[in-house]
$ cat run39.tsv   # TSV, C-alpha atoms
chain	number	residue	atom	x	y	z
H	1269	MET	CA	0.00	0.00	0.00
H	1270	LYS	CA	2.84	2.33	0.91
H	1271	LYS	CA	4.52	1.61	-2.42
H	1272	TYR	CA	1.40	2.63	-4.34
H	1273	PHE	CA	1.00	5.76	-2.23
H	1274	LEU	CA	4.61	6.83	-2.89
H	1275	SER	CA	4.11	6.21	-6.59
H	1276	PHE	CA	0.98	8.37	-6.49
H	1277	LEU	CA	2.88	11.16	-4.75
H	1278	PHE	CA	5.65	10.96	-7.32
H	1279	VAL	CA	3.16	11.25	-10.19
H	1280	CYS	CA	1.49	14.23	-8.51
H	1281	TYR	CA	4.85	15.88	-7.87
H	1282	PHE	CA	6.02	15.26	-11.42
H	1283	TYR	CA	2.83	16.71	-12.92
H	1284	THR	CA	2.84	19.71	-10.58
H	1285	SER	CA	6.52	20.39	-11.24
H	1286	GLN	CA	6.09	20.13	-14.98
H	1287	HIS	CA	3.01	22.36	-14.86
H	1288	ALA	CA	4.81	24.91	-12.66
H	1289	GLN	CA	7.80	24.96	-14.99
H	1290	GLU	CA	5.52	25.54	-17.96
H	1291	ILE	CA	3.81	28.46	-16.21
H	1292	GLU	CA	7.20	29.95	-15.28
H	1293	LYS	CA	8.25	29.84	-18.92
H	1294	LEU	CA	5.34	31.98	-20.05
H	1295	ALA	CA	6.70	35.00	-21.88
H	1296	LEU	CA	3.59	36.97	-21.01
H	1297	ALA	CA	2.43	36.84	-17.40
H	1298	ILE	CA	-1.06	37.47	-16.07
H	1299	GLY	CA	-1.53	41.22	-15.71
H	1300	GLN	CA	1.11	42.15	-18.25
H	1301	THR	CA	0.26	44.13	-21.36
H	1302	ALA	CA	0.33	42.05	-24.53
H	1303	PRO	CA	2.21	43.43	-27.51
H	1304	ASP	CA	0.13	44.65	-30.42
H	1305	PHE	CA	0.87	43.49	-33.94
H	1306	ASN	CA	0.27	44.25	-37.58
H	1307	LEU	CA	-0.29	40.93	-39.32
H	1308	LYS	CA	-1.64	39.96	-42.72
H	1309	GLY	CA	-5.04	38.31	-42.73
H	1310	VAL	CA	-6.66	35.92	-45.18
H	1311	ASP	CA	-8.53	38.95	-46.52
H	1312	GLY	CA	-5.19	40.33	-47.74
H	1313	LYS	CA	-5.26	43.24	-45.28
H	1314	LEU	CA	-3.09	44.07	-42.27
H	1315	HIS	CA	-4.77	43.89	-38.88
H	1316	SER	CA	-3.84	44.91	-35.34
H	1317	LEU	CA	-5.58	44.83	-31.97
H	1318	SER	CA	-5.77	48.62	-32.04
H	1319	SER	CA	-7.67	48.52	-35.33
H	1320	ILE	CA	-10.56	46.63	-33.72
H	1321	LYS	CA	-13.16	49.22	-32.78
H	1322	ASN	CA	-15.28	49.21	-29.62
H	1323	ALA	CA	-13.50	46.19	-28.17
H	1324	LYS	CA	-14.04	45.42	-24.48
H	1325	GLY	CA	-11.46	42.66	-24.73
H	1326	TYR	CA	-9.58	40.51	-27.18
H	1327	LEU	CA	-9.40	36.75	-27.56
H	1328	VAL	CA	-6.14	35.90	-29.30
H	1329	VAL	CA	-6.05	32.26	-30.37
H	1330	PHE	CA	-2.91	30.73	-31.81
H	1331	THR	CA	-4.17	27.97	-34.08
H	1332	CYS	CA	-3.56	26.45	-37.50
H	1333	ASN	CA	-5.04	24.35	-40.32
H	1334	HIS	CA	-3.55	20.88	-39.96
H	1335	CYS	CA	-3.36	20.16	-36.22
H	1336	PRO	CA	-6.02	17.64	-35.09
H	1337	PHE	CA	-6.47	19.59	-31.86
H	1338	SER	CA	-7.08	22.83	-33.77
H	1339	GLN	CA	-9.53	21.05	-36.04
H	1340	ALA	CA	-11.32	19.52	-33.05
H	1341	TYR	CA	-11.74	22.96	-31.48
H	1342	GLU	CA	-12.56	24.80	-34.72
H	1343	LYS	CA	-16.35	24.81	-34.32
H	1344	ARG	CA	-16.04	25.72	-30.64
H	1345	ILE	CA	-13.81	28.69	-31.48
H	1346	ILE	CA	-16.35	29.82	-34.07
H	1347	ALA	CA	-19.16	29.44	-31.50
H	1348	ILE	CA	-17.24	31.44	-28.89
H	1349	HIS	CA	-16.69	34.25	-31.39
H	1350	GLN	CA	-20.37	34.25	-32.35
H	1351	LYS	CA	-21.34	34.34	-28.68
H	1352	PHE	CA	-18.97	37.04	-27.44
H	1353	ALA	CA	-17.95	39.22	-30.41
H	1354	SER	CA	-21.24	41.08	-30.18
H	1355	LYS	CA	-20.46	41.70	-26.50
H	1356	GLY	CA	-17.12	43.25	-27.37
H	1357	VAL	CA	-14.76	40.26	-27.13
H	1358	PRO	CA	-13.93	38.99	-30.63
H	1359	VAL	CA	-11.66	36.12	-31.61
H	1360	ILE	CA	-8.42	36.99	-33.41
H	1361	ALA	CA	-6.96	33.75	-34.75
H	1362	ILE	CA	-3.24	33.68	-35.52
H	1363	ASN	CA	-1.38	30.93	-37.34
H	1364	PRO	CA	2.19	30.78	-35.94
H	1365	ASN	CA	3.40	27.74	-37.89
H	1366	ASP	CA	6.19	27.76	-40.44
H	1367	GLY	CA	4.55	27.07	-43.80
H	1368	GLU	CA	7.73	25.54	-45.15
H	1369	ARG	CA	7.91	22.94	-42.40
H	1370	GLU	CA	4.16	22.34	-42.59
H	1371	PRO	CA	2.83	23.20	-46.07
H	1372	ALA	CA	-0.76	22.58	-44.94
H	1373	ASP	CA	-0.38	25.72	-42.82
H	1374	ASN	CA	0.93	28.07	-45.51
H	1375	PHE	CA	-0.93	31.26	-46.34
H	1376	GLU	CA	-2.70	29.87	-49.40
H	1377	ASN	CA	-4.10	27.00	-47.35
H	1378	MET	CA	-5.11	29.43	-44.61
H	1379	ILE	CA	-7.27	31.27	-47.15
H	1380	LYS	CA	-8.75	27.98	-48.30
H	1381	ARG	CA	-9.48	26.79	-44.76
H	1382	ALA	CA	-11.10	30.06	-43.74
H	1383	LYS	CA	-13.42	29.94	-46.74
H	1384	GLU	CA	-14.32	26.27	-46.32
H	1385	GLN	CA	-15.11	26.64	-42.62
H	1386	HIS	CA	-16.70	30.10	-42.97
H	1387	TYR	CA	-14.53	31.74	-40.34
H	1388	PRO	CA	-16.40	34.76	-38.92
H	1389	PHE	CA	-13.23	36.06	-37.25
H	1390	LEU	CA	-9.86	37.42	-38.36
H	1391	TYR	CA	-7.34	34.75	-39.36
H	1392	LEU	CA	-3.82	36.15	-39.44
H	1393	LEU	CA	-0.37	34.82	-40.30
H	1394	ASP	CA	2.51	35.32	-37.88
H	1395	ALA	CA	5.06	34.89	-40.68
H	1396	ASP	CA	8.19	35.59	-38.63
H	1397	GLN	CA	6.75	34.00	-35.46
H	1398	ARG	CA	7.64	37.04	-33.37
H	1399	ILE	CA	4.15	37.42	-31.93
H	1400	ALA	CA	3.87	33.77	-30.91
H	1401	LYS	CA	7.21	34.08	-29.11
H	1402	ALA	CA	6.27	37.41	-27.52
H	1403	TYR	CA	3.04	35.92	-26.15
H	1404	GLY	CA	4.70	32.67	-25.12
H	1405	ALA	CA	2.47	30.49	-27.29
H	1406	LYS	CA	3.59	26.87	-27.33
H	1407	ARG	CA	0.77	24.92	-28.92
H	1408	THR	CA	-2.14	25.11	-31.30
H	1409	PRO	CA	-4.63	25.97	-30.05
H	1410	HIS	CA	-3.29	28.23	-27.29
H	1411	VAL	CA	-5.57	31.03	-26.12
H	1412	PHE	CA	-4.77	34.43	-24.63
H	1413	LEU	CA	-7.66	36.50	-23.28
H	1414	LEU	CA	-6.87	40.20	-22.97
H	1415	ASP	CA	-8.85	42.96	-21.31
H	1416	ALA	CA	-9.71	46.29	-22.91
H	1417	ASN	CA	-6.22	47.58	-22.05
H	1418	LYS	CA	-4.62	44.52	-23.69
H	1419	LYS	CA	-3.57	43.06	-20.34
H	1420	LEU	CA	-3.52	39.28	-20.10
H	1421	ILE	CA	-6.28	37.93	-17.87
H	1422	TYR	CA	-6.48	34.29	-18.95
H	1423	THR	CA	-4.29	31.89	-20.91
H	1424	GLY	CA	-4.24	28.20	-21.71
H	1425	ALA	CA	-6.90	25.77	-22.81
H	1426	ILE	CA	-10.41	26.29	-24.20
H	1427	ASP	CA	-11.98	23.56	-22.09
H	1428	ASP	CA	-11.21	20.18	-20.51
H	1429	ASN	CA	-12.14	17.80	-23.36
H	1430	PHE	CA	-10.84	18.30	-26.89
H	1431	GLU	CA	-12.26	15.00	-28.16
H	1432	GLU	CA	-15.91	15.19	-27.09
H	1433	PRO	CA	-17.57	18.62	-26.93
H	1434	LYS	CA	-20.65	17.09	-25.29
H	1435	GLU	CA	-18.53	15.70	-22.46
H	1436	VAL	CA	-16.87	18.98	-21.54
H	1437	LYS	CA	-17.16	19.59	-17.80
H	1438	ILE	CA	-15.23	22.84	-17.44
H	1439	LYS	CA	-15.33	25.60	-20.06
H	1440	TYR	CA	-12.21	27.41	-18.89
H	1441	LEU	CA	-12.19	30.08	-21.57
H	1442	GLU	CA	-15.91	30.77	-21.62
H	1443	ASN	CA	-15.98	30.99	-17.82
H	1444	ALA	CA	-13.11	33.49	-17.93
H	1445	ILE	CA	-14.85	35.67	-20.53
H	1446	LYS	CA	-18.12	35.63	-18.59
H	1447	ALA	CA	-16.36	36.54	-15.35
H	1448	TYR	CA	-14.50	39.39	-17.03
H	1449	LEU	CA	-17.63	40.84	-18.64
H	1450	ALA	CA	-19.42	40.57	-15.29
H	1451	LYS	CA	-16.49	42.42	-13.67
H	1452	GLN	CA	-15.73	39.42	-11.48
H	1453	SER	CA	-12.39	37.82	-10.71
H	1454	ILE	CA	-11.29	34.91	-12.88
H	1455	ASN	CA	-10.88	31.91	-10.60
H	1456	THR	CA	-8.52	30.01	-12.89
H	1457	PRO	CA	-6.44	32.46	-14.94
H	1458	ILE	CA	-3.94	29.85	-16.15
H	1459	THR	CA	-4.53	26.35	-17.51
H	1460	LYS	CA	-2.37	24.06	-19.58
H	1461	ALA	CA	-2.89	24.43	-23.32
H	1462	ILE	CA	-3.48	21.09	-25.01
H	1463	GLY	CA	-2.53	20.81	-28.66
H	1464	CYS	CA	0.18	20.35	-31.27
H	1465	GLY	CA	3.57	21.92	-30.73
H	1466	ILE	CA	4.15	25.04	-32.83
H	1467	LYS	CA	6.20	24.33	-35.95
H	1468	TRP	CA	9.08	26.75	-35.40
H	1469	LYS	CA	11.37	27.81	-38.22
H	1470	LYS	CA	14.62	25.92	-38.45
H	1471	ASN	CA	17.69	28.03	-37.76
$ encode --input "run39.tsv" --output "structure tokens"
Amino acid sequence: MKKYFLSFLFVCYFYTSQHAQEIEKLALAIGQTAPDFNLKGVDGKLHSLSSIKNAKGYLVVFTCNHCPFSQAYEKRIIAIHQKFASKGVPVIAINPNDGEREPADNFENMIKRAKEQHYPFLYLLDADQRIAKAYGAKRTPHVFLLDANKKLIYTGAIDDNFEEPKEVKIKYLENAIKAYLAKQSINTPITKAIGCGIKWKKN
């Protein structure tokens, strides 16, 4: 019995340590102001956070075309935008992947994906990957919820079940948005993003 208990403690310690290390590595901490950007969208235009009028907040989502996790969350990201954009918190999707390493994520395929899935939100390309690095994005999808002053108030996962939307028990992101709009504190401002590792450019 003692052996099993020690094994359990080791697993808990390992998970906690790994999670703590990941949080410590965040380039952008809760409460810090996120950098703005000027990135090309699938509409051929340049977009920034500052160019979004009447925003009460910003939901920056690092995502892509090919990742199974991004595809699994695609409809949920669309639904979140449709639910909260009218309340002043729109989705701004950013593809951080290197299109040479992953051709499915190049700009031409971004345009194709956005049209096929009828994206109602901005879909931008972080061509030099500076924004992903500045925000500390590590996976797709990886969400960063900002307040009206572009300060980070939530980061991490969308919910607790990427495979089965109907079996989701905790809607981390939606709960954070609702709390923010209600001027309440966000109980869980950091969760672990679950997804594919970003395809960084080779040096």
$ closest_residue --input "run39.tsv" --among "H:Val1411, H:Ile1426, H:Leu1390, H:Ile1445" --to "Asp1311 of chain H" --atoms "all atoms listed in the file"
H:Leu1390
$ closest_residue --input "run39.tsv" --among "H:Pro1409, H:Pro1336, H:Gly1404, H:Gly1299" --to "Ile1454 of chain H" --atoms "all atoms listed in the file"
H:Gly1299
$ atom_distance --input "run39.tsv" --atom1 "atom CA of Leu1296 of chain H" --atom2 "atom CA of Asn1455 of chain H"
18.5 Å
$ atom_distance --input "run39.tsv" --atom1 "atom CA of Asn1363 of chain H" --atom2 "atom CA of Gln1397 of chain H"
8.9 Å
$ closest_residue --input "run39.tsv" --among "H:Arg1407, H:Lys1434, H:Leu1449, H:Ala1402" --to "Thr1301 of chain H" --atoms "only C-alpha atoms"
H:Ala1402
$ residues_around --input "run39.tsv" --residues "Cys1335 of chain H" --least-positions-apart "2" --cutoff "10 Å" --atoms "only C-alpha atoms" --output "ChimeraX atom specification"
/H:1331-1333,1337-1340,1372-1373,1407-1409,1463-1466
$ atom_distance --input "run39.tsv" --atom1 "atom CA of Lys1460 of chain H" --atom2 "atom CA of Leu1414 of chain H"
17.1 Å
$ residues_around --input "run39.tsv" --residues "Gln1300 of chain H" --least-positions-apart "4" --cutoff "10 Å" --atoms "only C-alpha atoms" --output "number ranges by chain"
H: 1295-1296, 1414, 1417-1421
$ closest_residue --input "run39.tsv" --among "H:Lys1451, H:Pro1371, H:Asp1396, H:Lys1343" --to "Trp1468 of chain H" --atoms "all atoms listed in the file"
H:Asp1396
$ closest_atom_pairs --input "run39.tsv" --of "segment 1285-1346 of chain H" --to "segment 1383-1388 of chain H" --cutoff "10 Å" --atoms "all atoms listed in the file" --output "tab-separated table"
residue	atom	partner	partner_atom	distance
H:Val1310	CA	H:Lys1383	CA	9.2
H:Glu1342	CA	H:Gln1385	CA	8.5
H:Lys1343	CA	H:Gln1385	CA	8.6
H:Ile1345	CA	H:Tyr1387	CA	9.4
H:Ile1346	CA	H:Tyr1387	CA	6.8
$ write_last_selection --input "run39.tsv" --atoms "C-alpha atoms" --output "mmCIF file, in the frame of the given file"
data_model
loop_
_atom_site.group_PDB
_atom_site.id
_atom_site.type_symbol
_atom_site.label_atom_id
_atom_site.label_comp_id
_atom_site.auth_asym_id
_atom_site.auth_seq_id
_atom_site.Cartn_x
_atom_site.Cartn_y
_atom_site.Cartn_z
ATOM 1 C CA VAL H 1310 -6.660 35.920 -45.180
ATOM 2 C CA GLU H 1342 -12.560 24.800 -34.720
ATOM 3 C CA LYS H 1343 -16.350 24.810 -34.320
ATOM 4 C CA ILE H 1345 -13.810 28.690 -31.480
ATOM 5 C CA ILE H 1346 -16.350 29.820 -34.070
#
$ closest_residue --input "run39.tsv" --among "H:Lys1380, H:Lys1446, H:Lys1321, H:Lys1406" --to "Phe1352 of chain H" --atoms "only C-alpha atoms"
H:Lys1446
$ closest_residue --input "run39.tsv" --among "H:Ser1354, H:Thr1423, H:Thr1456, H:Asn1365" --to "Asn1322 of chain H" --atoms "all atoms listed in the file"
H:Ser1354
$ axis_aligned_box --input "run39.tsv" --around "segment 1319-1322 of chain H" --padding-each-side "4 Å" --output "JSON"
{"center_x": -11.5, "center_y": 47.9, "center_z": -32.5, "size_x": 15.6, "size_y": 10.6, "size_z": 13.7}
$ residues_near_point --input "run39.tsv" --point "(-8.7, 29.3, -23.0)" --cutoff "10 Å" --atoms "all atoms listed in the file" --output "ChimeraX atom specification"
/H:1327-1329,1345,1409-1413,1422-1428,1439-1445,1457-1462
$ decode --input "run39.tsv" --residues "segment 1361-1407 of chain H" --atoms "N, CA and C atoms" --output "mmCIF file, in the first residue's frame"
data_model
loop_
_atom_site.group_PDB
_atom_site.id
_atom_site.type_symbol
_atom_site.label_atom_id
_atom_site.label_comp_id
_atom_site.auth_asym_id
_atom_site.auth_seq_id
_atom_site.Cartn_x
_atom_site.Cartn_y
_atom_site.Cartn_z
ATOM 1 N N ALA H 1361 -7.721 34.982 -34.581
ATOM 2 C CA ALA H 1361 -6.963 33.749 -34.752
ATOM 3 C C ALA H 1361 -5.646 34.046 -35.463
ATOM 4 N N ILE H 1362 -4.572 33.463 -34.945
ATOM 5 C CA ILE H 1362 -3.241 33.681 -35.518
ATOM 6 C C ILE H 1362 -2.583 32.328 -35.777
ATOM 7 N N ASN H 1363 -2.118 32.139 -36.992
ATOM 8 C CA ASN H 1363 -1.381 30.927 -37.340
ATOM 9 C C ASN H 1363 0.117 31.198 -37.171
ATOM 10 N N PRO H 1364 0.765 30.530 -36.201
ATOM 11 C CA PRO H 1364 2.187 30.782 -35.942
ATOM 12 C C PRO H 1364 3.119 29.799 -36.651
ATOM 13 N N ASN H 1365 2.567 28.810 -37.333
ATOM 14 C CA ASN H 1365 3.398 27.744 -37.891
ATOM 15 C C ASN H 1365 4.190 28.157 -39.130
ATOM 16 N N ASP H 1366 5.347 27.547 -39.272
ATOM 17 C CA ASP H 1366 6.190 27.765 -40.442
ATOM 18 C C ASP H 1366 5.601 26.979 -41.619
ATOM 19 N N GLY H 1367 5.171 27.697 -42.639
ATOM 20 C CA GLY H 1367 4.548 27.073 -43.796
ATOM 21 C C GLY H 1367 5.470 26.205 -44.610
ATOM 22 N N GLU H 1368 6.773 26.382 -44.443
ATOM 23 C CA GLU H 1368 7.729 25.535 -45.148
ATOM 24 C C GLU H 1368 7.861 24.180 -44.461
ATOM 25 N N ARG H 1369 7.858 24.202 -43.144
ATOM 26 C CA ARG H 1369 7.913 22.941 -42.400
ATOM 27 C C ARG H 1369 6.599 22.192 -42.491
ATOM 28 N N GLU H 1370 5.499 22.946 -42.514
ATOM 29 C CA GLU H 1370 4.163 22.342 -42.585
ATOM 30 C C GLU H 1370 3.370 23.039 -43.684
ATOM 31 N N PRO H 1371 3.502 22.561 -44.935
ATOM 32 C CA PRO H 1371 2.828 23.203 -46.070
ATOM 33 C C PRO H 1371 1.324 23.362 -45.905
ATOM 34 N N ALA H 1372 0.693 22.480 -45.149
ATOM 35 C CA ALA H 1372 -0.756 22.580 -44.937
ATOM 36 C C ALA H 1372 -1.127 23.866 -44.218
ATOM 37 N N ASP H 1373 -0.125 24.495 -43.582
ATOM 38 C CA ASP H 1373 -0.377 25.720 -42.824
ATOM 39 C C ASP H 1373 0.130 26.968 -43.536
ATOM 40 N N ASN H 1374 0.471 26.867 -44.812
ATOM 41 C CA ASN H 1374 0.933 28.065 -45.511
ATOM 42 C C ASN H 1374 -0.234 29.016 -45.776
ATOM 43 N N PHE H 1375 0.089 30.208 -46.224
ATOM 44 C CA PHE H 1375 -0.925 31.264 -46.342
ATOM 45 C C PHE H 1375 -2.044 30.893 -47.320
ATOM 46 N N GLU H 1376 -1.691 30.261 -48.425
ATOM 47 C CA GLU H 1376 -2.703 29.865 -49.405
ATOM 48 C C GLU H 1376 -3.705 28.894 -48.796
ATOM 49 N N ASN H 1377 -3.206 27.964 -47.989
ATOM 50 C CA ASN H 1377 -4.099 27.003 -47.350
ATOM 51 C C ASN H 1377 -4.889 27.626 -46.199
ATOM 52 N N MET H 1378 -4.345 28.680 -45.620
ATOM 53 C CA MET H 1378 -5.110 29.429 -44.614
ATOM 54 C C MET H 1378 -6.345 30.051 -45.256
ATOM 55 N N ILE H 1379 -6.150 30.651 -46.419
ATOM 56 C CA ILE H 1379 -7.272 31.268 -47.150
ATOM 57 C C ILE H 1379 -8.328 30.221 -47.479
ATOM 58 N N LYS H 1380 -7.851 29.077 -47.941
ATOM 59 C CA LYS H 1380 -8.751 27.985 -48.304
ATOM 60 C C LYS H 1380 -9.539 27.485 -47.091
ATOM 61 N N ARG H 1381 -8.836 27.283 -45.979
ATOM 62 C CA ARG H 1381 -9.481 26.787 -44.762
ATOM 63 C C ARG H 1381 -10.526 27.769 -44.239
ATOM 64 N N ALA H 1382 -10.184 29.030 -44.235
ATOM 65 C CA ALA H 1382 -11.102 30.060 -43.736
ATOM 66 C C ALA H 1382 -12.381 30.110 -44.558
ATOM 67 N N LYS H 1383 -12.247 29.928 -45.867
ATOM 68 C CA LYS H 1383 -13.419 29.942 -46.741
ATOM 69 C C LYS H 1383 -14.263 28.690 -46.551
ATOM 70 N N GLU H 1384 -13.606 27.544 -46.465
ATOM 71 C CA GLU H 1384 -14.324 26.270 -46.317
ATOM 72 C C GLU H 1384 -15.099 26.203 -45.008
ATOM 73 N N GLN H 1385 -14.489 26.719 -43.948
ATOM 74 C CA GLN H 1385 -15.112 26.645 -42.616
ATOM 75 C C GLN H 1385 -15.907 27.897 -42.258
ATOM 76 N N HIS H 1386 -15.932 28.858 -43.178
ATOM 77 C CA HIS H 1386 -16.702 30.100 -42.973
ATOM 78 C C HIS H 1386 -16.302 30.806 -41.673
ATOM 79 N N TYR H 1387 -14.994 31.054 -41.537
ATOM 80 C CA TYR H 1387 -14.529 31.744 -40.339
ATOM 81 C C TYR H 1387 -15.173 33.130 -40.236
ATOM 82 N N PRO H 1388 -15.806 33.423 -39.109
ATOM 83 C CA PRO H 1388 -16.397 34.755 -38.918
ATOM 84 C C PRO H 1388 -15.427 35.730 -38.258
ATOM 85 N N PHE H 1389 -14.220 35.252 -37.963
ATOM 86 C CA PHE H 1389 -13.231 36.064 -37.253
ATOM 87 C C PHE H 1389 -11.992 36.285 -38.117
ATOM 88 N N LEU H 1390 -11.128 37.170 -37.672
ATOM 89 C CA LEU H 1390 -9.865 37.417 -38.356
ATOM 90 C C LEU H 1390 -8.964 36.181 -38.251
ATOM 91 N N TYR H 1391 -8.308 35.851 -39.346
ATOM 92 C CA TYR H 1391 -7.339 34.749 -39.356
ATOM 93 C C TYR H 1391 -6.050 35.304 -39.941
ATOM 94 N N LEU H 1392 -5.047 35.448 -39.093
ATOM 95 C CA LEU H 1392 -3.819 36.153 -39.442
ATOM 96 C C LEU H 1392 -2.606 35.220 -39.455
ATOM 97 N N LEU H 1393 -1.603 35.601 -40.217
ATOM 98 C CA LEU H 1393 -0.372 34.823 -40.298
ATOM 99 C C LEU H 1393 0.758 35.532 -39.557
ATOM 100 N N ASP H 1394 1.333 34.831 -38.596
ATOM 101 C CA ASP H 1394 2.513 35.325 -37.877
ATOM 102 C C ASP H 1394 3.739 34.801 -38.616
ATOM 103 N N ALA H 1395 4.054 35.418 -39.741
ATOM 104 C CA ALA H 1395 5.056 34.895 -40.675
ATOM 105 C C ALA H 1395 6.441 34.737 -40.057
ATOM 106 N N ASP H 1396 6.859 35.691 -39.225
ATOM 107 C CA ASP H 1396 8.195 35.593 -38.633
ATOM 108 C C ASP H 1396 8.161 35.006 -37.218
ATOM 109 N N GLN H 1397 6.962 34.662 -36.753
ATOM 110 C CA GLN H 1397 6.753 34.003 -35.462
ATOM 111 C C GLN H 1397 7.117 34.870 -34.258
ATOM 112 N N ARG H 1398 7.284 36.153 -34.479
ATOM 113 C CA ARG H 1398 7.639 37.045 -33.372
ATOM 114 C C ARG H 1398 6.509 37.178 -32.353
ATOM 115 N N ILE H 1399 5.288 37.227 -32.843
ATOM 116 C CA ILE H 1399 4.150 37.421 -31.934
ATOM 117 C C ILE H 1399 3.929 36.182 -31.078
ATOM 118 N N ALA H 1400 4.023 35.018 -31.672
ATOM 119 C CA ALA H 1400 3.875 33.775 -30.905
ATOM 120 C C ALA H 1400 4.915 33.714 -29.792
ATOM 121 N N LYS H 1401 6.143 34.089 -30.110
ATOM 122 C CA LYS H 1401 7.210 34.079 -29.111
ATOM 123 C C LYS H 1401 6.995 35.147 -28.047
ATOM 124 N N ALA H 1402 6.509 36.308 -28.472
ATOM 125 C CA ALA H 1402 6.266 37.405 -27.524
ATOM 126 C C ALA H 1402 5.162 37.053 -26.531
ATOM 127 N N TYR H 1403 4.155 36.324 -27.016
ATOM 128 C CA TYR H 1403 3.044 35.924 -26.148
ATOM 129 C C TYR H 1403 3.394 34.678 -25.325
ATOM 130 N N GLY H 1404 4.361 33.916 -25.816
ATOM 131 C CA GLY H 1404 4.702 32.672 -25.122
ATOM 132 C C GLY H 1404 3.847 31.506 -25.565
ATOM 133 N N ALA H 1405 3.292 31.587 -26.775
ATOM 134 C CA ALA H 1405 2.471 30.488 -27.289
ATOM 135 C C ALA H 1405 3.353 29.273 -27.530
ATOM 136 N N LYS H 1406 2.830 28.100 -27.175
ATOM 137 C CA LYS H 1406 3.590 26.868 -27.331
ATOM 138 C C LYS H 1406 2.861 25.832 -28.173
ATOM 139 N N ARG H 1407 1.541 25.940 -28.235
ATOM 140 C CA ARG H 1407 0.765 24.918 -28.922
ATOM 141 C C ARG H 1407 -0.343 25.540 -29.759
#
